[in-house]
$ cat final17.cif   # mmCIF, N, CA and C atoms
data_run
#
loop_
_atom_site.group_PDB
_atom_site.id
_atom_site.type_symbol
_atom_site.label_atom_id
_atom_site.label_comp_id
_atom_site.auth_asym_id
_atom_site.auth_seq_id
_atom_site.Cartn_x
_atom_site.Cartn_y
_atom_site.Cartn_z
ATOM 1 N N PRO U 256 157.087 78.252 12.430
ATOM 2 C CA PRO U 256 156.399 76.976 12.498
ATOM 3 C C PRO U 256 154.925 77.135 12.145
ATOM 4 N N ASP U 257 154.421 76.162 11.448
ATOM 5 C CA ASP U 257 153.011 76.103 11.070
ATOM 6 C C ASP U 257 152.206 75.631 12.268
ATOM 7 N N ILE U 258 150.975 76.142 12.429
ATOM 8 C CA ILE U 258 150.148 75.760 13.573
ATOM 9 C C ILE U 258 149.849 74.269 13.583
ATOM 10 N N ALA U 259 149.854 73.640 12.415
ATOM 11 C CA ALA U 259 149.607 72.202 12.338
ATOM 12 C C ALA U 259 150.748 71.403 12.947
ATOM 13 N N SER U 260 151.941 72.001 13.061
ATOM 14 C CA SER U 260 153.090 71.277 13.610
ATOM 15 C C SER U 260 153.132 71.304 15.142
ATOM 16 N N PHE U 261 152.247 72.074 15.779
ATOM 17 C CA PHE U 261 152.216 72.111 17.237
ATOM 18 C C PHE U 261 151.556 70.845 17.776
ATOM 19 N N SER U 262 152.078 70.340 18.865
ATOM 20 C CA SER U 262 151.506 69.141 19.482
ATOM 21 C C SER U 262 150.285 69.525 20.308
ATOM 22 N N GLU U 263 149.544 68.525 20.743
ATOM 23 C CA GLU U 263 148.369 68.771 21.586
ATOM 24 C C GLU U 263 148.805 69.438 22.891
ATOM 25 N N PHE U 264 149.961 69.046 23.405
ATOM 26 C CA PHE U 264 150.480 69.654 24.628
ATOM 27 C C PHE U 264 150.749 71.141 24.419
ATOM 28 N N ASP U 265 151.365 71.466 23.273
ATOM 29 C CA ASP U 265 151.652 72.873 22.965
ATOM 30 C C ASP U 265 150.360 73.684 22.881
ATOM 31 N N MET U 266 149.345 73.113 22.237
ATOM 32 C CA MET U 266 148.066 73.821 22.095
ATOM 33 C C MET U 266 147.394 73.997 23.454
ATOM 34 N N ALA U 267 147.434 72.973 24.299
ATOM 35 C CA ALA U 267 146.856 73.064 25.635
ATOM 36 C C ALA U 267 147.582 74.122 26.465
ATOM 37 N N LEU U 268 148.897 74.154 26.343
ATOM 38 C CA LEU U 268 149.689 75.149 27.054
ATOM 39 C C LEU U 268 149.345 76.561 26.566
ATOM 40 N N PHE U 269 149.178 76.712 25.261
ATOM 41 C CA PHE U 269 148.812 78.010 24.703
ATOM 42 C C PHE U 269 147.440 78.447 25.205
ATOM 43 N N LYS U 270 146.470 77.532 25.228
ATOM 44 C CA LYS U 270 145.121 77.863 25.708
ATOM 45 C C LYS U 270 145.153 78.270 27.172
ATOM 46 N N LEU U 271 145.954 77.550 27.979
ATOM 47 C CA LEU U 271 146.086 77.897 29.389
ATOM 48 C C LEU U 271 146.687 79.289 29.545
ATOM 49 N N PHE U 272 147.730 79.575 28.775
ATOM 50 C CA PHE U 272 148.357 80.896 28.796
ATOM 51 C C PHE U 272 147.361 81.983 28.388
ATOM 52 N N ALA U 273 146.634 81.727 27.301
ATOM 53 C CA ALA U 273 145.695 82.724 26.781
ATOM 54 C C ALA U 273 144.579 83.007 27.775
ATOM 55 N N THR U 274 144.031 81.962 28.400
ATOM 56 C CA THR U 274 142.932 82.191 29.340
ATOM 57 C C THR U 274 143.412 82.811 30.645
ATOM 58 N N THR U 275 144.670 82.599 30.985
ATOM 59 C CA THR U 275 145.207 83.176 32.213
ATOM 60 C C THR U 275 145.469 84.680 32.049
ATOM 61 N N PHE U 276 146.054 85.045 30.930
ATOM 62 C CA PHE U 276 146.437 86.441 30.734
ATOM 63 C C PHE U 276 145.434 87.263 29.943
ATOM 64 N N PHE U 277 144.505 86.609 29.267
ATOM 65 C CA PHE U 277 143.473 87.290 28.489
ATOM 66 C C PHE U 277 142.124 86.689 28.843
ATOM 67 N N PRO U 278 141.585 87.055 30.011
ATOM 68 C CA PRO U 278 140.327 86.442 30.446
ATOM 69 C C PRO U 278 139.164 86.821 29.525
ATOM 70 N N THR U 279 138.225 85.908 29.434
ATOM 71 C CA THR U 279 137.032 86.130 28.630
ATOM 72 C C THR U 279 135.983 86.813 29.490
ATOM 73 N N VAL U 280 135.348 87.842 28.964
ATOM 74 C CA VAL U 280 134.307 88.560 29.684
ATOM 75 C C VAL U 280 132.971 88.145 29.103
ATOM 76 N N ARG U 281 132.087 87.722 29.973
ATOM 77 C CA ARG U 281 130.756 87.302 29.540
ATOM 78 C C ARG U 281 129.718 88.149 30.272
ATOM 79 N N ALA U 282 128.564 88.312 29.636
ATOM 80 C CA ALA U 282 127.461 89.029 30.271
ATOM 81 C C ALA U 282 126.987 88.228 31.480
ATOM 82 N N GLU U 283 126.568 88.916 32.522
ATOM 83 C CA GLU U 283 126.105 88.228 33.725
ATOM 84 C C GLU U 283 124.892 87.361 33.425
ATOM 85 N N ASP U 284 123.962 87.904 32.701
ATOM 86 C CA ASP U 284 122.759 87.159 32.343
ATOM 87 C C ASP U 284 122.462 87.470 30.893
ATOM 88 N N GLU U 285 122.790 86.536 30.022
ATOM 89 C CA GLU U 285 122.642 86.791 28.594
ATOM 90 C C GLU U 285 121.185 86.921 28.170
ATOM 91 N N GLU U 286 120.267 86.415 28.984
ATOM 92 C CA GLU U 286 118.849 86.473 28.647
ATOM 93 C C GLU U 286 118.216 87.796 29.073
ATOM 94 N N ALA U 287 118.846 88.506 29.985
ATOM 95 C CA ALA U 287 118.276 89.750 30.502
ATOM 96 C C ALA U 287 118.301 90.835 29.429
ATOM 97 N N GLU U 288 117.222 91.572 29.354
ATOM 98 C CA GLU U 288 117.144 92.671 28.393
ATOM 99 C C GLU U 288 117.875 93.880 28.963
ATOM 100 N N LEU U 289 118.701 94.489 28.142
ATOM 101 C CA LEU U 289 119.448 95.659 28.596
ATOM 102 C C LEU U 289 118.526 96.869 28.626
ATOM 103 N N VAL U 290 118.646 97.662 29.667
ATOM 104 C CA VAL U 290 117.845 98.868 29.837
ATOM 105 C C VAL U 290 118.796 100.050 29.908
ATOM 106 N N ASP U 291 118.522 101.055 29.096
ATOM 107 C CA ASP U 291 119.342 102.256 29.101
ATOM 108 C C ASP U 291 119.022 103.056 30.363
ATOM 109 N N PRO U 292 119.987 103.234 31.267
ATOM 110 C CA PRO U 292 119.698 103.961 32.504
ATOM 111 C C PRO U 292 119.309 105.418 32.255
ATOM 112 N N GLN U 293 119.817 106.015 31.176
ATOM 113 C CA GLN U 293 119.457 107.403 30.888
ATOM 114 C C GLN U 293 117.973 107.517 30.561
ATOM 115 N N SER U 294 117.445 106.585 29.786
ATOM 116 C CA SER U 294 116.022 106.608 29.438
ATOM 117 C C SER U 294 115.155 106.451 30.685
ATOM 118 N N ALA U 295 115.540 105.528 31.560
ATOM 119 C CA ALA U 295 114.782 105.315 32.790
ATOM 120 C C ALA U 295 114.810 106.559 33.678
ATOM 121 N N LEU U 296 115.966 107.192 33.783
ATOM 122 C CA LEU U 296 116.066 108.404 34.606
ATOM 123 C C LEU U 296 115.299 109.564 33.988
ATOM 124 N N ARG U 297 115.301 109.663 32.664
ATOM 125 C CA ARG U 297 114.533 110.723 32.003
ATOM 126 C C ARG U 297 113.043 110.562 32.293
ATOM 127 N N GLU U 298 112.559 109.325 32.274
ATOM 128 C CA GLU U 298 111.146 109.085 32.577
ATOM 129 C C GLU U 298 110.808 109.549 33.991
ATOM 130 N N LYS U 299 111.689 109.252 34.947
ATOM 131 C CA LYS U 299 111.465 109.692 36.324
ATOM 132 C C LYS U 299 111.487 111.213 36.425
ATOM 133 N N CYS U 300 112.399 111.842 35.692
ATOM 134 C CA CYS U 300 112.550 113.298 35.764
ATOM 135 C C CYS U 300 111.370 114.039 35.137
ATOM 136 N N GLN U 301 110.649 113.391 34.248
ATOM 137 C CA GLN U 301 109.534 114.070 33.582
ATOM 138 C C GLN U 301 108.425 114.443 34.553
ATOM 139 N N SER U 302 108.391 113.823 35.728
ATOM 140 C CA SER U 302 107.372 114.177 36.712
ATOM 141 C C SER U 302 107.735 115.448 37.483
ATOM 142 N N ASN U 303 108.951 115.953 37.310
ATOM 143 C CA ASN U 303 109.398 117.185 37.946
ATOM 144 C C ASN U 303 108.538 118.345 37.426
ATOM 145 N N GLY U 304 108.058 119.182 38.320
ATOM 146 C CA GLY U 304 107.164 120.283 37.956
ATOM 147 C C GLY U 304 107.753 121.244 36.939
ATOM 148 N N ASN U 305 109.030 121.595 37.109
ATOM 149 C CA ASN U 305 109.693 122.515 36.189
ATOM 150 C C ASN U 305 109.800 121.904 34.790
ATOM 151 N N ILE U 306 110.107 120.626 34.729
ATOM 152 C CA ILE U 306 110.258 119.949 33.443
ATOM 153 C C ILE U 306 108.896 119.796 32.766
ATOM 154 N N GLN U 307 107.865 119.521 33.538
ATOM 155 C CA GLN U 307 106.512 119.448 32.968
ATOM 156 C C GLN U 307 106.099 120.798 32.388
ATOM 157 N N ALA U 308 106.463 121.869 33.066
ATOM 158 C CA ALA U 308 106.126 123.204 32.573
ATOM 159 C C ALA U 308 106.860 123.501 31.264
ATOM 160 N N LEU U 309 108.120 123.111 31.175
ATOM 161 C CA LEU U 309 108.875 123.326 29.932
ATOM 162 C C LEU U 309 108.310 122.485 28.788
ATOM 163 N N TYR U 310 107.879 121.262 29.101
ATOM 164 C CA TYR U 310 107.283 120.409 28.075
ATOM 165 C C TYR U 310 105.954 121.006 27.597
ATOM 166 N N SER U 311 105.162 121.526 28.519
ATOM 167 C CA SER U 311 103.892 122.169 28.148
ATOM 168 C C SER U 311 104.144 123.381 27.258
ATOM 169 N N LYS U 312 105.154 124.154 27.598
ATOM 170 C CA LYS U 312 105.508 125.330 26.794
ATOM 171 C C LYS U 312 105.923 124.898 25.383
ATOM 172 N N TYR U 313 106.694 123.811 25.295
ATOM 173 C CA TYR U 313 107.092 123.274 23.986
ATOM 174 C C TYR U 313 105.869 122.791 23.204
ATOM 175 N N GLN U 314 104.968 122.090 23.855
ATOM 176 C CA GLN U 314 103.771 121.583 23.170
ATOM 177 C C GLN U 314 102.874 122.729 22.680
ATOM 178 N N GLU U 315 102.734 123.765 23.482
ATOM 179 C CA GLU U 315 101.945 124.934 23.070
ATOM 180 C C GLU U 315 102.545 125.566 21.822
ATOM 181 N N CYS U 316 103.858 125.719 21.810
ATOM 182 C CA CYS U 316 104.545 126.276 20.644
ATOM 183 C C CYS U 316 104.358 125.376 19.440
ATOM 184 N N ASN U 317 104.506 124.091 19.638
ATOM 185 C CA ASN U 317 104.363 123.129 18.550
ATOM 186 C C ASN U 317 102.949 123.167 17.971
ATOM 187 N N ASP U 318 101.940 123.236 18.831
ATOM 188 C CA ASP U 318 100.551 123.327 18.371
ATOM 189 C C ASP U 318 100.315 124.624 17.599
ATOM 190 N N ARG U 319 100.892 125.711 18.095
ATOM 191 C CA ARG U 319 100.745 127.012 17.432
ATOM 192 C C ARG U 319 101.379 126.986 16.039
ATOM 193 N N VAL U 320 102.570 126.441 15.936
ATOM 194 C CA VAL U 320 103.282 126.382 14.649
ATOM 195 C C VAL U 320 102.556 125.453 13.680
ATOM 196 N N ASN U 321 102.103 124.310 14.165
ATOM 197 C CA ASN U 321 101.391 123.369 13.293
ATOM 198 C C ASN U 321 100.032 123.906 12.862
ATOM 199 N N GLY U 322 99.481 124.856 13.614
ATOM 200 C CA GLY U 322 98.191 125.440 13.279
ATOM 201 C C GLY U 322 98.278 126.521 12.209
ATOM 202 N N LYS U 323 99.468 126.928 11.842
ATOM 203 C CA LYS U 323 99.652 127.971 10.835
ATOM 204 C C LYS U 323 100.122 127.337 9.535
ATOM 205 N N SER U 324 99.644 127.889 8.425
ATOM 206 C CA SER U 324 100.062 127.332 7.136
ATOM 207 C C SER U 324 101.416 127.894 6.691
ATOM 208 N N LYS U 325 101.667 129.164 6.976
ATOM 209 C CA LYS U 325 102.938 129.771 6.604
ATOM 210 C C LYS U 325 103.486 130.516 7.810
ATOM 211 N N THR U 326 104.620 130.023 8.308
ATOM 212 C CA THR U 326 105.257 130.678 9.446
ATOM 213 C C THR U 326 106.756 130.383 9.422
ATOM 214 N N THR U 327 107.495 131.318 9.935
ATOM 215 C CA THR U 327 108.942 131.096 10.057
ATOM 216 C C THR U 327 109.296 130.702 11.490
ATOM 217 N N GLU U 328 108.291 130.698 12.357
ATOM 218 C CA GLU U 328 108.528 130.358 13.753
ATOM 219 C C GLU U 328 108.875 128.873 13.886
ATOM 220 N N THR U 329 109.853 128.607 14.730
ATOM 221 C CA THR U 329 110.193 127.230 15.081
ATOM 222 C C THR U 329 110.140 127.121 16.598
ATOM 223 N N CYS U 330 110.155 125.935 17.092
ATOM 224 C CA CYS U 330 110.102 125.715 18.539
ATOM 225 C C CYS U 330 111.428 125.182 19.063
ATOM 226 N N MET U 331 112.492 125.509 18.382
ATOM 227 C CA MET U 331 113.799 124.997 18.771
ATOM 228 C C MET U 331 114.212 125.476 20.164
ATOM 229 N N GLU U 332 113.965 126.724 20.481
ATOM 230 C CA GLU U 332 114.346 127.238 21.794
ATOM 231 C C GLU U 332 113.608 126.493 22.901
ATOM 232 N N GLU U 333 112.316 126.275 22.718
ATOM 233 C CA GLU U 333 111.522 125.554 23.708
ATOM 234 C C GLU U 333 111.983 124.101 23.832
ATOM 235 N N LEU U 334 112.296 123.488 22.687
ATOM 236 C CA LEU U 334 112.776 122.109 22.696
ATOM 237 C C LEU U 334 114.123 122.009 23.412
ATOM 238 N N PHE U 335 115.040 122.909 23.102
ATOM 239 C CA PHE U 335 116.353 122.896 23.760
ATOM 240 C C PHE U 335 116.224 123.125 25.264
ATOM 241 N N ASP U 336 115.360 124.058 25.660
ATOM 242 C CA ASP U 336 115.160 124.306 27.090
ATOM 243 C C ASP U 336 114.656 123.049 27.796
ATOM 244 N N TYR U 337 113.674 122.381 27.194
ATOM 245 C CA TYR U 337 113.097 121.171 27.771
ATOM 246 C C TYR U 337 114.130 120.049 27.866
ATOM 247 N N VAL U 338 114.825 119.759 26.764
ATOM 248 C CA VAL U 338 115.784 118.649 26.743
ATOM 249 C C VAL U 338 116.985 118.935 27.648
ATOM 250 N N THR U 339 117.432 120.164 27.684
ATOM 251 C CA THR U 339 118.550 120.531 28.551
ATOM 252 C C THR U 339 118.198 120.299 30.014
ATOM 253 N N GLU U 340 117.027 120.742 30.417
ATOM 254 C CA GLU U 340 116.611 120.564 31.817
ATOM 255 C C GLU U 340 116.381 119.089 32.137
ATOM 256 N N LEU U 341 115.826 118.345 31.191
ATOM 257 C CA LEU U 341 115.599 116.914 31.386
ATOM 258 C C LEU U 341 116.928 116.175 31.551
ATOM 259 N N ASP U 342 117.891 116.475 30.703
ATOM 260 C CA ASP U 342 119.206 115.849 30.798
ATOM 261 C C ASP U 342 119.939 116.270 32.070
ATOM 262 N N HIS U 343 119.775 117.513 32.458
ATOM 263 C CA HIS U 343 120.400 118.000 33.693
ATOM 264 C C HIS U 343 119.876 117.214 34.896
ATOM 265 N N CYS U 344 118.581 117.000 34.931
ATOM 266 C CA CYS U 344 117.969 116.233 36.015
ATOM 267 C C CYS U 344 118.482 114.791 36.005
ATOM 268 N N ALA U 345 118.504 114.167 34.840
ATOM 269 C CA ALA U 345 118.934 112.764 34.735
ATOM 270 C C ALA U 345 120.416 112.599 35.051
ATOM 271 N N SER U 346 121.218 113.594 34.743
ATOM 272 C CA SER U 346 122.665 113.468 34.933
ATOM 273 C C SER U 346 123.068 113.389 36.398
ATOM 274 N N HIS U 347 122.217 113.854 37.306
ATOM 275 C CA HIS U 347 122.551 113.790 38.729
ATOM 276 C C HIS U 347 122.734 112.361 39.214
ATOM 277 N N HIS U 348 122.027 111.423 38.599
ATOM 278 C CA HIS U 348 122.081 110.029 39.049
ATOM 279 C C HIS U 348 122.627 109.072 37.991
ATOM 280 N N LEU U 349 122.847 109.560 36.787
ATOM 281 C CA LEU U 349 123.220 108.681 35.681
ATOM 282 C C LEU U 349 124.556 107.978 35.907
ATOM 283 N N PHE U 350 125.576 108.697 36.305
ATOM 284 C CA PHE U 350 126.909 108.116 36.366
ATOM 285 C C PHE U 350 127.060 107.110 37.514
ATOM 286 N N SER U 351 126.196 107.177 38.497
ATOM 287 C CA SER U 351 126.226 106.153 39.546
ATOM 288 C C SER U 351 125.638 104.836 39.051
ATOM 289 N N LYS U 352 124.895 104.864 37.933
ATOM 290 C CA LYS U 352 124.280 103.652 37.373
ATOM 291 C C LYS U 352 125.198 102.946 36.382
ATOM 292 N N LEU U 353 126.212 103.637 35.898
ATOM 293 C CA LEU U 353 127.102 103.048 34.891
ATOM 294 C C LEU U 353 128.131 102.152 35.559
ATOM 295 N N LYS U 354 128.498 101.099 34.844
ATOM 296 C CA LYS U 354 129.492 100.157 35.390
ATOM 297 C C LYS U 354 130.832 100.426 34.779
#

$ encode --input "final17.cif" --output "structure tokens"
Amino acid sequence: PDIASFSEFDMALFKLFATTFFPTVRAEDEEAELVDPQSALREKCQSNGNIQALYSKYQECNDRVNGKSKTTETCMEELFDYVTELDHCASHHLFSKLK
């Protein structure tokens, strides 16, 4: 059968069926700006003394490398150490924030 051949009653019945078994999900507040909980937790974790020390170590390496014209040195190890510790700190509370 073509959809045009359905009566208004049939369409109303279909809509009732569809909304009953396939509910529509809407945002709680469509105007609210979404905030990434990981970013917020990372900001809080940056005040941790150990993480500040790793960031300082990374910045020192970065300044040293940028101060040289020819070098094979990279700061990947320092960057990985910093980001790993930052993510480790944030992960303690991250999953409790997810819905």

$ residues_around --input "final17.cif" --residues "Arg297 of chain U" --least-positions-apart "4" --cutoff "6.5 Å" --atoms "all atoms listed in the file" --output "mmCIF file with N, CA and C atoms, keeping the file's coordinate frame"
data_model
loop_
_atom_site.group_PDB
_atom_site.id
_atom_site.type_symbol
_atom_site.label_atom_id
_atom_site.label_comp_id
_atom_site.auth_asym_id
_atom_site.auth_seq_id
_atom_site.Cartn_x
_atom_site.Cartn_y
_atom_site.Cartn_z
ATOM 1 N N PRO U 292 119.987 103.234 31.267
ATOM 2 C CA PRO U 292 119.698 103.961 32.504
ATOM 3 C C PRO U 292 119.309 105.418 32.255
ATOM 4 N N GLN U 293 119.817 106.015 31.176
ATOM 5 C CA GLN U 293 119.457 107.403 30.888
ATOM 6 C C GLN U 293 117.973 107.517 30.561
ATOM 7 N N GLN U 301 110.649 113.391 34.248
ATOM 8 C CA GLN U 301 109.534 114.070 33.582
ATOM 9 C C GLN U 301 108.425 114.443 34.553
ATOM 10 N N LEU U 341 115.826 118.345 31.191
ATOM 11 C CA LEU U 341 115.599 116.914 31.386
ATOM 12 C C LEU U 341 116.928 116.175 31.551
ATOM 13 N N ALA U 345 118.504 114.167 34.840
ATOM 14 C CA ALA U 345 118.934 112.764 34.735
ATOM 15 C C ALA U 345 120.416 112.599 35.051
#

$ residues_around --input "final17.cif" --residues "segment 311-327 of chain U" --least-positions-apart "5" --cutoff "9 Å" --atoms "only C-alpha atoms" --output "MDAnalysis selection string"
chainID U and resid 306 332:334 336:337

$ write_last_selection --input "final17.cif" --atoms "N, CA and C atoms" --output "PDB file, in the frame of the given file"
ATOM      1  N   ILE U 306     110.107 120.626  34.729  1.00  0.00           N
ATOM      2  CA  ILE U 306     110.258 119.949  33.443  1.00  0.00           C
ATOM      3  C   ILE U 306     108.896 119.796  32.766  1.00  0.00           C
ATOM      4  N   GLU U 332     113.965 126.724  20.481  1.00  0.00           N
ATOM      5  CA  GLU U 332     114.346 127.238  21.794  1.00  0.00           C
ATOM      6  C   GLU U 332     113.608 126.493  22.901  1.00  0.00           C
ATOM      7  N   GLU U 333     112.316 126.275  22.718  1.00  0.00           N
ATOM      8  CA  GLU U 333     111.522 125.554  23.708  1.00  0.00           C
ATOM      9  C   GLU U 333     111.983 124.101  23.832  1.00  0.00           C
ATOM     10  N   LEU U 334     112.296 123.488  22.687  1.00  0.00           N
ATOM     11  CA  LEU U 334     112.776 122.109  22.696  1.00  0.00           C
ATOM     12  C   LEU U 334     114.123 122.009  23.412  1.00  0.00           C
ATOM     13  N   ASP U 336     115.360 124.058  25.660  1.00  0.00           N
ATOM     14  CA  ASP U 336     115.160 124.306  27.090  1.00  0.00           C
ATOM     15  C   ASP U 336     114.656 123.049  27.796  1.00  0.00           C
ATOM     16  N   TYR U 337     113.674 122.381  27.194  1.00  0.00           N
ATOM     17  CA  TYR U 337     113.097 121.171  27.771  1.00  0.00           C
ATOM     18  C   TYR U 337     114.130 120.049  27.866  1.00  0.00           C
TER      19      TYR U 337
END

$ atom_distance --input "final17.cif" --atom1 "atom CA of Glu340 of chain U" --atom2 "atom CA of Gly304 of chain U"
11.3 Å

$ closest_residue --input "final17.cif" --among "U:Leu296, U:Leu271, U:Cys330, U:Glu263" --to "Phe350 of chain U" --atoms "only C-alpha atoms"
U:Leu296

$ axis_aligned_box --input "final17.cif" --around "segment 305-308 of chain U" --padding-each-side "8 Å" --output "AutoDock Vina command-line options"
--center_x 108.2 --center_y 121.5 --center_z 34.2 --size_x 20.2 --size_y 20.1 --size_z 21.8

$ atom_distance --input "final17.cif" --atom1 "atom C of Val290 of chain U" --atom2 "atom C of His348 of chain U"
12.7 Å

$ atom_distance --input "final17.cif" --atom1 "atom N of Ala308 of chain U" --atom2 "atom CA of Asp291 of chain U"
23.8 Å

$ closest_residue --input "final17.cif" --among "U:Glu328, U:Cys300, U:Glu288, U:Leu309" --to "His343 of chain U" --atoms "only C-alpha atoms"
U:Cys300
